[in-house]
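Structure first, then comments.
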Amino acid sequence: PVVNVMVTPTFNAGTSISQYLRMVRFDAVGIFKSIPFLVMLAFGMVNFIPNAIMTQTMFETPIYPVTSQLLETLNGTYTWLLIIIALFYAGELIWKERGAKLGEVTDAMPVSNWVPLTAKFTALVLVVLCFQALGGITSILIQLGKGYTLIEPMVYVKTLTLNSANFILLGGLALVLQVYTNNKFVGFGFLIVFLASLTALNAMDFTHNLYIFGSSPNAQYSDMNGYGHFLVAQLSFLSYWAICLVALLILASAFWVRGVTPSGRERLSLAKQRLSGKLGVAMAISLLLFVAMGSYIFYNTNVQNKFLSPDETIDLQARYEKELKKYENLPKPRLIAVS
């Protein structure tokens, strides 16, 4: 006998979250199994492990394999590969379905526009964090292999998470550029222009973190006083650029292409229509937060303190040498005893 089962579709917030989690797992697992990711992971390990094992001295003084030393080696020989991973897979994720000629099929499914975009960004974040975590686990194993047992797991977690932030921001920017341009190679082209502009701005002495996307001061960990007072500044700038990325992702959701690619004018009209509801409210809130955070940072860096560019710092050093050179040979105080 044939039994007809009546199914009532349900489309609510729970449905979108379930779809989002499935897409995150699908995209993340696809990257973890891909040959380019495995090759870059192996290359990073081959580059990092010998350097970490052979680091025996600092300034000709024998040292223990402390956590801060391993993290410094990890950052110099392993982490830089995340630039390639984040930028490459940003393009691959956006064009994954269309590259497999399944774009029209997936676009016809009952899924909100923010779900696939947010899922792909989350998958990119997970890849960056997992890459860092593997480096941290390898560092701990090297410490144990050298007989050093004062392991500091929370220092690894905090430092590697902070170091991942810049790569996540850069990957997010690459992701939204792919959506805006709606052309894989044009998107990569704009990304190259952005990276080249960073070098050009630095050469012209424009170095303020307030207008260079994703940049922030580096709160380097010290065995003497942890992150000191530098962590607040770094977190402030990272929050500022994270809010900016949220606004860019919301805008990308409005420009998300479904089905047959429309013309530029049609995309703009559709984006305006999508931004007229809750998406527009979220966009406005994120922009207000971005301006508020930027004002707070500007007040602290340019009003409460005096911001000096690298060239201005060099000029100040030159002035110091010129004006105080005449006092070079005067008798100076010296320590004669310490209690």
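Residues in the structure tokens are named by chain (A, B, ... in the order shown) and by number from 1 within that chain; ligands are numbered from 1 in the order shown.
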Produce a table with one row for each residue of region 114-210 of chain A that has an atom at most 7 Å from any atom of region 59-82 of chain A, each row naming the nearest atom pair and its distance in Å at one decimal; use only C-alpha atoms; arrange rows by chain and rising residue number; format as CSV.
residue,atom,partner,partner_atom,distance
A:Val128,CA,A:Leu82,CA,6.7
A:Ser139,CA,A:Leu70,CA,6.3
A:Gln143,CA,A:Pro65,CA,6.0
A:Tyr148,CA,A:Pro65,CA,6.8
A:Glu152,CA,A:Thr67,CA,6.7
A:Phe167,CA,A:Leu82,CA,6.5
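Of the residues listed (A:Gly14, A:Pro153, A:Gly136, A:Pro217), A:Gly136 shows the shortest atom-to-atom separation from Phe48 (chain A); distances use only C-alpha atoms.
Using only C-alpha atoms, the nearest neighbour of Pro50 (chain A) within the list A:Ile31, A:Leu126, A:Met293, A:Ile142 is A:Ile142.
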* **Two-atom distance - CA of Thr57 (chain A), CA of Gly147 (chain A) (Å)** =>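 According to the coordinates, CA of Thr57 (chain A) and CA of Gly147 (chain A) are separated by 16.0 Å.
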* Write down as a ChimeraX atom specification the residues of region 83-213 of chain A whose backbone DSSP state falls under alpha helix (DSSP H). => /A:83-94,96-99,103-107,114-145,153-181,184-203
